[in-house]
file target_29.pdb (PDB, C-alpha atoms)
ATOM      1  CA  ASP A   1       0.000   0.000   0.000
ATOM      2  CA  LEU A   2       2.901   2.342   0.710
ATOM      3  CA  GLU A   3       4.383   1.914  -2.766
ATOM      4  CA  PHE A   4       0.894   1.820  -4.292
ATOM      5  CA  GLY A   5       0.167   5.304  -2.894
ATOM      6  CA  GLY A   6       3.299   6.776  -4.464
ATOM      7  CA  ALA A   7       2.671   4.976  -7.758
ATOM      8  CA  GLN A   8      -0.932   6.196  -7.776
ATOM      9  CA  LEU A   9       0.163   9.810  -7.384
ATOM     10  CA  TRP A  10       2.832   9.512 -10.081
ATOM     11  CA  GLN A  11       0.323   7.949 -12.459
ATOM     12  CA  GLU A  12      -2.104  10.829 -11.851
ATOM     13  CA  PHE A  13       0.544  13.265 -13.059
ATOM     14  CA  GLY A  14       2.017  11.116 -15.847
ATOM     15  CA  LEU A  15       5.409  10.896 -14.147
ATOM     16  CA  GLY A  16       6.220   7.289 -15.068
ATOM     17  CA  ASP A  17       6.952   4.463 -12.658
ATOM     18  CA  PHE A  18       7.404   5.095  -8.947
ATOM     19  CA  LYS A  19       9.570   2.715  -6.941
ATOM     20  CA  LEU A  20       9.732   3.130  -3.194
ATOM     21  CA  PRO A  21      13.272   2.697  -1.825
ATOM     22  CA  PRO A  22      13.336  -0.335   0.524
ATOM     23  CA  GLN A  23      14.667   1.757   3.415
ATOM     24  CA  LYS A  24      11.577   3.992   3.232
ATOM     25  CA  ALA A  25       9.367   0.910   3.647
ATOM     26  CA  ILE A  26      11.485  -0.312   6.570
ATOM     27  CA  ASP A  27      11.313   3.093   8.264
ATOM     28  CA  TYR A  28       7.548   3.182   7.791
ATOM     29  CA  LEU A  29       7.063  -0.289   9.282
ATOM     30  CA  ASN A  30       9.210   0.640  12.271
ATOM     31  CA  LYS A  31       6.989   3.660  12.947
ATOM     32  CA  ARG A  32       3.795   1.626  12.606
ATOM     33  CA  GLY A  33       5.085  -1.065  14.970
ATOM     34  CA  THR A  34       4.689   1.349  17.867
ATOM     35  CA  ARG A  35       1.049   1.971  16.964
ATOM     36  CA  TRP A  36       0.390  -1.773  16.670
ATOM     37  CA  GLU A  37       1.773  -2.203  20.184
ATOM     38  CA  GLU A  38      -0.845   0.319  21.344
ATOM     39  CA  ILE A  39      -3.572  -1.938  19.925
ATOM     40  CA  ASN A  40      -2.243  -4.820  22.024
ATOM     41  CA  GLY A  41      -2.005  -2.488  25.006
ATOM     42  CA  LEU A  42      -5.674  -1.549  24.685
ATOM     43  CA  THR A  43      -6.672  -5.220  24.572
ATOM     44  CA  HIS A  44      -4.497  -5.893  27.633
ATOM     45  CA  THR A  45      -6.103  -2.985  29.509
ATOM     46  CA  ASN A  46      -9.598  -4.206  28.643
ATOM     47  CA  LEU A  47      -8.736  -7.732  29.826
ATOM     48  CA  ARG A  48      -7.248  -6.476  33.086
ATOM     49  CA  GLU A  49     -10.273  -4.271  33.828
ATOM     50  CA  THR A  50     -12.922  -6.877  33.055
ATOM     51  CA  LEU A  51     -11.128  -9.588  35.057
ATOM     52  CA  ALA A  52     -10.739  -7.223  38.009
ATOM     53  CA  ASP A  53     -14.485  -6.489  37.862
ATOM     54  CA  GLY A  54     -15.280 -10.194  37.701
ATOM     55  CA  LEU A  55     -13.023 -11.036  40.604
ATOM     56  CA  THR A  56     -14.449  -8.178  42.654
ATOM     57  CA  ASN A  57     -17.936  -9.554  41.982
ATOM     58  CA  GLY A  58     -16.842 -13.058  43.030
ATOM     59  CA  GLU A  59     -17.600 -14.577  39.626
ATOM     60  CA  SER A  60     -16.900 -18.214  38.794
ATOM     61  CA  PHE A  61     -14.168 -19.479  36.485
ATOM     62  CA  ASP A  62     -16.720 -19.940  33.678
ATOM     63  CA  GLN A  63     -17.971 -16.363  34.111
ATOM     64  CA  LEU A  64     -14.387 -15.055  34.014
ATOM     65  CA  ALA A  65     -13.721 -17.102  30.867
ATOM     66  CA  ASP A  66     -16.814 -15.533  29.271
ATOM     67  CA  ARG A  67     -15.394 -12.090  30.073
ATOM     68  CA  VAL A  68     -12.098 -12.995  28.370
ATOM     69  CA  ARG A  69     -13.928 -14.314  25.291
ATOM     70  CA  ALA A  70     -15.980 -11.110  25.102
ATOM     71  CA  VAL A  71     -12.831  -8.938  25.083
ATOM     72  CA  PHE A  72     -11.185 -11.012  22.356
ATOM     73  CA  ASN A  73     -14.369 -11.152  20.283
ATOM     74  CA  GLU A  74     -14.707  -7.368  20.499
ATOM     75  CA  ALA A  75     -11.034  -6.944  19.625
ATOM     76  CA  GLY A  76     -11.271  -9.389  16.755
ATOM     77  CA  ASP A  77     -14.633  -8.518  15.260
ATOM     78  CA  SER A  78     -15.537  -4.877  15.686
ATOM     79  CA  ARG A  79     -12.010  -3.463  15.753
ATOM     80  CA  ALA A  80     -10.654  -5.540  12.853
ATOM     81  CA  GLU A  81     -12.343  -3.469  10.153
ATOM     82  CA  THR A  82     -11.309  -0.179  11.732
ATOM     83  CA  ILE A  83      -7.703  -1.344  12.098
ATOM     84  CA  ALA A  84      -7.582  -2.595   8.499
ATOM     85  CA  LEU A  85      -9.062   0.636   7.138
ATOM     86  CA  THR A  86      -6.760   2.804   9.228
ATOM     87  CA  GLU A  87      -3.601   0.904   8.325
ATOM     88  CA  THR A  88      -4.452   0.817   4.622
ATOM     89  CA  ASN A  89      -5.319   4.522   4.414
ATOM     90  CA  THR A  90      -2.253   5.453   6.451
ATOM     91  CA  ALA A  91       0.041   3.440   4.169
ATOM     92  CA  VAL A  92      -1.486   4.757   0.938
ATOM     93  CA  ASN A  93      -1.285   8.381   2.116
ATOM     94  CA  ALA A  94       2.277   7.908   3.382
ATOM     95  CA  GLY A  95       3.152   6.486  -0.041
ATOM     96  CA  ARG A  96       1.427   9.396  -1.764
ATOM     97  CA  PHE A  97       3.491  11.764   0.393
ATOM     98  CA  GLU A  98       6.734   9.980  -0.555
ATOM     99  CA  GLY A  99       5.693  10.104  -4.207
ATOM    100  CA  LEU A 100       4.924  13.787  -3.848
ATOM    101  CA  VAL A 101       8.332  14.516  -2.329
ATOM    102  CA  GLU A 102      10.102  12.554  -5.077
ATOM    103  CA  SER A 103       8.032  14.125  -7.890
ATOM    104  CA  GLY A 104       9.091  17.708  -7.451
ATOM    105  CA  ILE A 105       5.468  18.861  -7.266
ATOM    106  CA  GLU A 106       5.494  21.774  -4.864
ATOM    107  CA  GLN A 107       1.955  21.927  -3.443
ATOM    108  CA  LYS A 108      -0.216  19.466  -1.548
ATOM    109  CA  GLY A 109      -3.804  19.565  -0.393
ATOM    110  CA  TRP A 110      -6.078  17.750   2.044
ATOM    111  CA  LEU A 111      -9.152  16.026   0.584
ATOM    112  CA  SER A 112     -11.671  15.369   3.335
ATOM    113  CA  ALA A 113     -13.937  12.377   2.890
ATOM    114  CA  ASN A 114     -16.797  14.715   3.920
ATOM    115  CA  LEU A 115     -18.864  11.854   5.256
ATOM    116  CA  GLU A 116     -21.514  12.250   7.924
ATOM    117  CA  ASN A 117     -19.102  11.001  10.593
ATOM    118  CA  SER A 118     -16.014  12.873   9.314
ATOM    119  CA  ARG A 119     -14.129  14.764  11.977
ATOM    120  CA  PRO A 120     -14.979  18.485  11.871
ATOM    121  CA  ALA A 121     -11.256  19.321  11.909
ATOM    122  CA  HIS A 122     -10.713  17.124   8.837
ATOM    123  CA  GLN A 123     -13.620  18.747   7.008
ATOM    124  CA  GLN A 124     -12.186  22.145   7.898
ATOM    125  CA  ALA A 125      -8.777  21.065   6.578
ATOM    126  CA  GLY A 126     -10.369  20.359   3.209
ATOM    127  CA  LYS A 127     -11.487  23.989   3.127
ATOM    128  CA  ASP A 128      -8.368  25.511   4.696
ATOM    129  CA  TYR A 129      -5.991  23.746   2.304
ATOM    130  CA  ALA A 130      -8.076  23.939  -0.890
ATOM    131  CA  GLU A 131      -5.444  26.148  -2.501
ATOM    132  CA  GLY A 132      -2.633  23.928  -1.211
ATOM    133  CA  ILE A 133       0.444  24.421   0.918
ATOM    134  CA  PRO A 134       4.114  23.712   0.209
ATOM    135  CA  VAL A 135       4.938  19.994   0.331
ATOM    136  CA  GLY A 136       7.454  20.570   3.143
ATOM    137  CA  ASP A 137       4.918  22.337   5.377
ATOM    138  CA  ASP A 138       2.691  20.522   7.835
ATOM    139  CA  PHE A 139      -1.080  20.657   7.843
ATOM    140  CA  LEU A 140      -2.500  21.941  11.123
ATOM    141  CA  ILE A 141      -5.414  19.644  11.956
ATOM    142  CA  GLY A 142      -7.290  20.301  15.169
ATOM    143  CA  GLY A 143      -4.151  21.873  16.643
ATOM    144  CA  GLU A 144      -1.897  18.975  15.577
ATOM    145  CA  ARG A 145       0.778  19.102  12.888
ATOM    146  CA  MET A 146       0.479  16.387  10.222
ATOM    147  CA  LYS A 147       2.413  15.740   7.009
ATOM    148  CA  HIS A 148      -0.594  14.021   5.428
ATOM    149  CA  PRO A 149      -3.841  12.249   6.359
ATOM    150  CA  GLY A 150      -3.003   9.211   8.482
ATOM    151  CA  ASP A 151       0.456  10.585   9.362
ATOM    152  CA  PRO A 152       2.079   7.806  11.440
ATOM    153  CA  ASP A 153       3.510  10.436  13.797
ATOM    154  CA  ALA A 154       0.058  11.888  14.531
ATOM    155  CA  SER A 155      -2.254  10.965  17.370
ATOM    156  CA  ALA A 156      -4.758   8.142  17.218
ATOM    157  CA  GLY A 157      -7.496  10.775  17.518
ATOM    158  CA  ASN A 158      -6.522  12.193  14.131
ATOM    159  CA  THR A 159      -5.727   8.939  12.336
ATOM    160  CA  ILE A 160      -7.990   6.087  13.453
ATOM    161  CA  ASN A 161     -10.706   5.466  10.873
ATOM    162  CA  CYS A 162      -9.663   8.524   8.843
ATOM    163  CA  LYS A 163     -10.724   8.308   5.206
ATOM    164  CA  CYS A 164      -9.146  11.569   4.033
ATOM    165  CA  HIS A 165      -6.770  11.688   1.094
ATOM    166  CA  LEU A 166      -3.538  13.559   0.300
ATOM    167  CA  ILE A 167      -3.651  15.236  -3.082
ATOM    168  CA  ALA A 168      -1.030  16.930  -5.192
ATOM    169  CA  LEU A 169      -1.697  20.430  -6.414
ATOM    170  CA  GLY A 170       0.676  21.719  -9.011
ATOM    171  CA  GLN A 171       1.289  23.085 -12.412
ATOM    172  CA  LYS A 172       1.693  19.669 -14.026
ATOM    173  CA  THR A 173      -1.236  18.440 -16.074
ATOM    174  CA  LEU A 174      -3.041  15.204 -15.330
ATOM    175  CA  THR A 175      -2.810  12.594 -18.084
ATOM    176  CA  ALA A 176      -5.796  10.641 -16.766
ATOM    177  CA  PRO A 177      -8.290  12.098 -14.299
ATOM    178  CA  ASN A 178      -8.303  10.478 -10.880
ATOM    179  CA  PRO A 179     -11.845  10.033  -9.512
ATOM    180  CA  LYS A 180     -10.779  11.306  -6.088
ATOM    181  CA  LEU A 181      -9.174  14.376  -7.597
ATOM    182  CA  LEU A 182     -12.304  15.027  -9.647
ATOM    183  CA  ALA A 183     -14.354  14.754  -6.456
ATOM    184  CA  TRP A 184     -11.988  17.290  -4.897
ATOM    185  CA  GLN A 185     -12.444  19.667  -7.814
ATOM    186  CA  ASP A 186     -16.224  19.274  -7.632
ATOM    187  CA  PHE A 187     -16.041  19.995  -3.910
ATOM    188  CA  GLN A 188     -13.982  23.142  -4.528
ATOM    189  CA  SER A 189     -16.446  24.351  -7.188
ATOM    190  CA  ALA A 190     -19.402  23.782  -4.855
ATOM    191  CA  ARG A 191     -17.738  25.860  -2.128
ATOM    192  CA  LYS A 192     -17.378  28.929  -4.363
TER
END
call {"tool": "encode", "arguments": {"input": "target_29.pdb", "output": "structure tokens"}}
result
Amino acid sequence: DLEFGGAQLWQEFGLGDFKLPPQKAIDYLNKRGTRWEEINGLTHTNLRETLADGLTNGESFDQLADRVRAVFNEAGDSRAETIALTETNTAVNAGRFEGLVESGIEQKGWLSANLENSRPAHQQAGKDYAEGIPVGDDFLIGGERMKHPGDPDASAGNTINCKCHLIALGQKTLTAPNPKLLAWQDFQSARK
């Protein structure tokens, strides 16, 4: 997904083939490893709390086992989709950022998903950065600096379940319209 994001951006601007240097992928995985540990930490905290409640209530072994199953089912079922979406979007946007840096395109923008449950700060970013900012500058999203949507250095509050998209804004001409970029342009036209 990391290389795909960069390749996607390069294709949008007719820049040829994008190849992500292996060290960039290694660095990215090392950053994400910390976040994955937080997922395990949350599961551990939930287990500890529910077992403490059960023990305080004098529950039987079978009741305690049911509590453990409930935590793992919740972690496996309801969180799996959110984790998969978050990790995929984070990787694609990180790849798009790397592709943007390598391309020489000087401006980037924030495309908010603008869904009913989109974060207000992310919707505002779509408006604030409609004209773009220099690639080397950070977006300011709800008081937090981010290189791109899903920035691995950003807080969970700004990245989990985010569906926003990093776009390139520049003087180069698209060879084939990207549906997400067209949606962005339609959004900009509607705002005016």
call {"tool": "atom_distance", "arguments": {"input": "target_29.pdb", "atom1": "CA of Asp153 in chain A", "atom2": "CA of Gly132 in chain A"}}
result
21.1 Å
call {"tool": "residues_around", "arguments": {"input": "target_29.pdb", "residues": "Gly143 in chain A", "least_positions_apart": "3", "cutoff": "12 Å", "atoms": "all atoms listed in the file", "output": "list in words"}}
result
Ala121, His122, Gln124, Ala125, Asp138, Phe139, Leu140, Met146, Ala154, Ser155, Gly157 and Asn158 of chain A
call {"tool": "write_last_selection", "arguments": {"input": "target_29.pdb", "atoms": "C-alpha atoms", "output": "PDB file, keeping the file's coordinate frame"}}
result
ATOM      1  CA  ALA A 121     -11.256  19.321  11.909  1.00  0.00           C
ATOM      2  CA  HIS A 122     -10.713  17.124   8.837  1.00  0.00           C
ATOM      3  CA  GLN A 124     -12.186  22.145   7.898  1.00  0.00           C
ATOM      4  CA  ALA A 125      -8.777  21.065   6.578  1.00  0.00           C
ATOM      5  CA  ASP A 138       2.691  20.522   7.835  1.00  0.00           C
ATOM      6  CA  PHE A 139      -1.080  20.657   7.843  1.00  0.00           C
ATOM      7  CA  LEU A 140      -2.500  21.941  11.123  1.00  0.00           C
ATOM      8  CA  MET A 146       0.479  16.387  10.222  1.00  0.00           C
ATOM      9  CA  ALA A 154       0.058  11.888  14.531  1.00  0.00           C
ATOM     10  CA  SER A 155      -2.254  10.965  17.370  1.00  0.00           C
ATOM     11  CA  GLY A 157      -7.496  10.775  17.518  1.00  0.00           C
ATOM     12  CA  ASN A 158      -6.522  12.193  14.131  1.00  0.00           C
TER      13      ASN A 158
END
call {"tool": "axis_aligned_box", "arguments": {"input": "target_29.pdb", "around": "range 7-12 of chain A", "padding_each_side": "3 Å", "output": "lines of an AutoDock Vina configuration file"}}
result
center_x = 0.4
center_y = 7.9
center_z = -9.9
size_x = 10.9
size_y = 11.9
size_z = 11.1
call {"tool": "atom_distance", "arguments": {"input": "target_29.pdb", "atom1": "CA of Ala156 in chain A", "atom2": "CA of Tyr28 in chain A"}}
result
16.3 Å
call {"tool": "atom_distance", "arguments": {"input": "target_29.pdb", "atom1": "CA of Gly16 in chain A", "atom2": "CA of Ser103 in chain A"}}
result
10.1 Å
